[in-house]
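Working notes for the structure below.
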Amino acid sequence: MKALLLYGPRDLRLEERPIPHPRPHEVLLRVRAVTVCHSDIHYYRYGRIGDTVGNEPFILGHEFAGEIVKVGSAVQHLQPGMLVAVEPALSCGHCRYCQEGNPNLCENLRFAGSPEQDGALQEYLCWPAEFLHPLPKDFDADEGALLEPLGVAIHAWDLGKLRIGQSVAIVGCGPIGLLLIQLALVGGASQVFAIEPLAYRRALAEEWGAIPLEPGEGLAEQITGQTNGYGVDVAIEAAGVLAAQEEAARIVKRGGRVVLVGIPPEDQLLLTHHLVRRKGLTIKLSRRMKLVYPRAITLVQRGMVNLRPLLTHTFSLEEGRAAFELVERYADGVIKASFHL
Ligand SMILES: [Zn+2]
Ligand SMILES: [Zn+2]
């Protein structure tokens with residue numbers, strides 16, 4: 001089978017590997033769709049994320065769906081032929097944090113598409129059955145893959161604790177931000193501000209019913225002007241740049257909540273202390289997601305969230321470099337690029 005390996009910054013190589021065999025609690029998947037995430041771009045550019053460094057070649061891809069080819073001897077509830085979405089974070093289930101109901105904080109976590117666990121940019125892979133979610137009939141593989149970023153958005157949304165009728169700003173309208181906008185629109189927000197430098201992404205947010213605004217000078221004044229002088233109740237930062245953290249803190253009301261989802265390349269948190277202290281802000285950092293797949297599937301199945309507008313480009317495994325560079329450069333109106341294997 002074909003596998004796309006990352007050897008170092010910007011060094012992708014297509015190689016032949018043997019098809020693996022599932023262990024008793026695993027399932028062998030034929031990977032069908034893998035969508036590209038900005039965290040993949042971090043690895044592609046720098047060969048690392050924070051202190052997670054890839055010393056050996058490894059396989060990227062953590063947003064994916066596949067078709068079951070074979071099930072391990074101990075797997076009861078899944079059958080060959082099923083299309084499944086894949087939870088990419090393998091939590092241990094027995095450490096203190098898993099036991100406390102926070103598998104996203106598991107101390108033994110292994111994550112697909114990182115140096116410690118090969119991801120899905122390969123034709124076949126084995127995955128533990130308990131981390132697979134069978135998809136309803138009308139789902140395609142791209143939608144299955146995009147349940148992962150939707151899960152990240154749902155977890156961030158939960159942390160914002162927005163009450164019905166309150167206002168929210170989403171700072172950064174990449175895939176996660178756009179999904180947060182959809183959640184805000186079905187989640188009872190009275191006003192949804194979409195703050196984004198790229199015009200085509202603002203336009204999509206506006207089409208859905210959000211109020212589009214550009215970041216930078218004058219943003220805080222525009223938002224206070226549209227919220228009776230107070231600022232929004234909740235701001236969720238999904239831009240992954242340092243300036244957006246501060247921007248979120250500036251546009252939120254006194255006593256409001258700021259949720260930070262983005263991962264800035266500087267690997268830092270940068271907020272003006274007197275600003276966040278005087279306002280008495282609650283600042284919450286979002287760490288991946290927990291136990292949200294069933295809700296993600298329901299939201300899509302009932303038409304409350306539409307994943308299809310996010311998918312703008314498709315590539316084959318041979319076109320790895322082109323896919324990563326398109327996403328890296330925000331070229332050609334890209335929102336999500338998907339590998340079809
Ligand atoms: Zn991702
Ligand atoms: Zn654990």
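Letters A, B, ... mark the chains of the structure tokens in the order given; residue numbers begin at 1 per chain; ligand numbers begin at 1, in order shown.
Taking only C-alpha atoms and all ligand atoms into account, every polymer residue with at least one atom at most 7 Å away from ligand 2 is listed here: Ser91, Cys92, Gly93, His94, Cys95, Arg96, Tyr97, Cys98, Pro103, Cys106, Glu107, Asn108 and Leu109 of chain A.
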With C-alpha atoms retained, could you export that selection as a PDB file, in the first residue's frame?
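Output saved as result08.pdb:
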```pdb
ATOM      1  CA  SER A  91      -6.792   8.066  25.559  1.00  0.00           C
ATOM      2  CA  CYS A  92      -5.892   5.302  28.014  1.00  0.00           C
ATOM      3  CA  GLY A  93      -9.142   5.215  29.993  1.00  0.00           C
ATOM      4  CA  HIS A  94      -7.445   4.485  33.313  1.00  0.00           C
ATOM      5  CA  CYS A  95      -5.252   7.458  34.283  1.00  0.00           C
ATOM      6  CA  ARG A  96      -6.536  10.036  36.761  1.00  0.00           C
ATOM      7  CA  TYR A  97      -7.616  12.466  34.025  1.00  0.00           C
ATOM      8  CA  CYS A  98      -9.512   9.860  32.030  1.00  0.00           C
ATOM      9  CA  PRO A 103      -9.867  12.004  28.195  1.00  0.00           C
ATOM     10  CA  CYS A 106      -5.042  11.917  29.353  1.00  0.00           C
ATOM     11  CA  GLU A 107      -1.447  11.544  30.460  1.00  0.00           C
ATOM     12  CA  ASN A 108      -0.893   8.564  28.160  1.00  0.00           C
ATOM     13  CA  LEU A 109      -2.527  10.115  25.100  1.00  0.00           C
TER      14      LEU A 109
END
```
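All residues of protein, DNA or RNA that reach within 7 Å of Gly61 of chain A, judged by only C-alpha atoms and not counting those fewer than 3 positions away in the chain, are Val34, Val36, Ala112, Gly113, Gly119, Ala120 and Leu121 of chain A.
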Include N, CA and C atoms and write out the residues we just selected as a PDB file, in the first residue's frame.
```pdb
ATOM      1  N   VAL A  34      -9.051  12.168   4.051  1.00  0.00           N
ATOM      2  CA  VAL A  34      -8.245  12.773   5.118  1.00  0.00           C
ATOM      3  C   VAL A  34      -8.216  14.271   4.851  1.00  0.00           C
ATOM      4  N   VAL A  36      -7.006  18.201   5.603  1.00  0.00           N
ATOM      5  CA  VAL A  36      -5.761  18.825   6.069  1.00  0.00           C
ATOM      6  C   VAL A  36      -6.097  19.885   7.111  1.00  0.00           C
ATOM      7  N   ALA A 112      -3.128  10.562  16.533  1.00  0.00           N
ATOM      8  CA  ALA A 112      -2.855  10.207  15.136  1.00  0.00           C
ATOM      9  C   ALA A 112      -2.188  11.351  14.398  1.00  0.00           C
ATOM     10  N   GLY A 113      -1.237  11.007  13.549  1.00  0.00           N
ATOM     11  CA  GLY A 113      -0.615  12.024  12.705  1.00  0.00           C
ATOM     12  C   GLY A 113       0.409  12.857  13.442  1.00  0.00           C
ATOM     13  N   GLY A 119      -0.448   8.728  11.330  1.00  0.00           N
ATOM     14  CA  GLY A 119      -1.798   9.140  10.985  1.00  0.00           C
ATOM     15  C   GLY A 119      -2.308   8.461   9.733  1.00  0.00           C
ATOM     16  N   ALA A 120      -3.230   9.128   9.042  1.00  0.00           N
ATOM     17  CA  ALA A 120      -4.062   8.466   8.038  1.00  0.00           C
ATOM     18  C   ALA A 120      -3.646   8.688   6.590  1.00  0.00           C
ATOM     19  N   LEU A 121      -2.543   9.375   6.340  1.00  0.00           N
ATOM     20  CA  LEU A 121      -2.142   9.550   4.939  1.00  0.00           C
ATOM     21  C   LEU A 121      -1.446   8.279   4.434  1.00  0.00           C
TER      22      LEU A 121
END
```
Running DSSP on the backbone, which parts of segment 109-269 of chain A land in strand (DSSP E or B), as a short mmCIF file (atom, residue, chain, number, x, y, z; two decimals) with C-alpha atoms, in the first residue's frame?
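Dumped to result-v7.cif:
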```
data_model
loop_
_atom_site.label_atom_id
_atom_site.label_comp_id
_atom_site.auth_asym_id
_atom_site.auth_seq_id
_atom_site.Cartn_x
_atom_site.Cartn_y
_atom_site.Cartn_z
CA ARG A 110 -1.40 9.04 21.65
CA PHE A 111 -2.55 11.20 18.80
CA SER A 114 2.01 12.97 15.26
CA GLN A 117 1.44 7.68 16.27
CA GLN A 122 -1.78 5.88 4.03
CA TYR A 124 -4.80 1.26 5.21
CA LEU A 125 -4.40 1.54 8.94
CA CYS A 126 -5.47 -0.30 12.07
CA TRP A 127 -7.33 1.56 14.80
CA PRO A 128 -8.86 0.48 18.14
CA LEU A 132 -14.56 4.48 15.78
CA HIS A 133 -17.99 5.94 15.11
CA PRO A 134 -20.17 4.32 12.41
CA SER A 167 -23.68 37.77 21.94
CA VAL A 168 -20.56 36.04 20.71
CA ALA A 169 -17.56 36.91 18.54
CA ILE A 170 -15.58 34.30 16.67
CA VAL A 171 -12.09 35.64 16.06
CA GLN A 191 -25.47 38.33 17.59
CA VAL A 192 -22.62 36.42 15.98
CA PHE A 193 -19.62 38.51 14.94
CA ALA A 194 -17.25 36.89 12.44
CA ILE A 195 -13.81 38.49 12.62
CA ILE A 211 -21.92 39.95 11.13
CA PRO A 212 -18.58 40.12 9.29
CA LEU A 213 -15.81 42.39 10.57
CA VAL A 232 -19.71 40.69 23.45
CA ASP A 233 -20.53 38.25 26.23
CA VAL A 234 -18.18 35.60 24.89
CA ALA A 235 -15.26 35.73 22.45
CA ILE A 236 -13.77 32.58 20.97
CA GLU A 237 -10.36 32.88 19.35
CA VAL A 252 -15.44 41.03 25.24
CA LYS A 253 -17.48 42.75 27.97
CA ARG A 254 -16.31 43.15 31.57
CA GLY A 255 -16.64 39.83 33.34
CA GLY A 256 -16.93 38.05 29.99
CA ARG A 257 -15.35 34.83 28.82
CA VAL A 258 -12.56 34.33 26.32
CA VAL A 259 -11.91 30.87 24.90
CA LEU A 260 -8.59 30.31 23.13
#
```
Next item on the list: Set the cut-off to 6 Å, count only C-alpha atoms and all ligand atoms, and list whatever residues fall near ligand 1 as a count of residues only.
Entry: 3
Next item on the list: Mind checking which residues fall within 7 Å of Gln166 of chain A, counting only C-alpha atoms, ignoring those fewer than 3 positions away in the same chain, and posting them as a ChimeraX atom specification?
Entry: /A:162-163,189-190,233
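Nearest to Asp142 of chain A of all the residues A:Leu83, A:Leu317, A:Leu5, A:Ala74 is A:Leu83, based on only C-alpha atoms.
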Next item on the list: as an MDAnalysis selection string, list the residues of segment 116-341 of chain A assigned to alpha helix (DSSP H) by DSSP on the backbone atoms of this structure.
Entry: chainID A and resid 141:160 175:186 199:208 219:225 242:251 273:278 293:301 320:329
Margin query: When you look at Cys173 of chain A with a cut-off of 8 Å (counting only C-alpha atoms), what residues show up, excluding the ones that are within fewer than 5 positions of it in the same chain? I need them as number ranges by chain.
Written below: A: 178, 194-196, 201-202, 205, 238-239
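Distances from A:Lys279, A:Lys290, A:His340, A:Arg17 to Val31 of chain A were compared using only C-alpha atoms, and the smallest one belongs to A:His340.
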I'd like the neighbourhood of Arg287 of chain A as a PDB file with C-alpha atoms, in the first residue's frame, where a residue qualifies if any of its atoms comes within 9 Å (using only C-alpha atoms), though same-chain residues fewer than 5 positions away should be ignored.
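Final output, saved to around-v9.pdb:
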```pdb
ATOM      1  CA  ASN A 104      -8.547  15.032  26.277  1.00  0.00           C
ATOM      2  CA  LEU A 105      -6.118  15.572  29.162  1.00  0.00           C
ATOM      3  CA  VAL A 152     -12.934  20.601  18.266  1.00  0.00           C
ATOM      4  CA  HIS A 155     -15.695  21.473  22.717  1.00  0.00           C
ATOM      5  CA  ALA A 156     -14.600  25.119  22.399  1.00  0.00           C
ATOM      6  CA  VAL A 261      -8.503  27.497  20.563  1.00  0.00           C
TER       7      VAL A 261
END
```
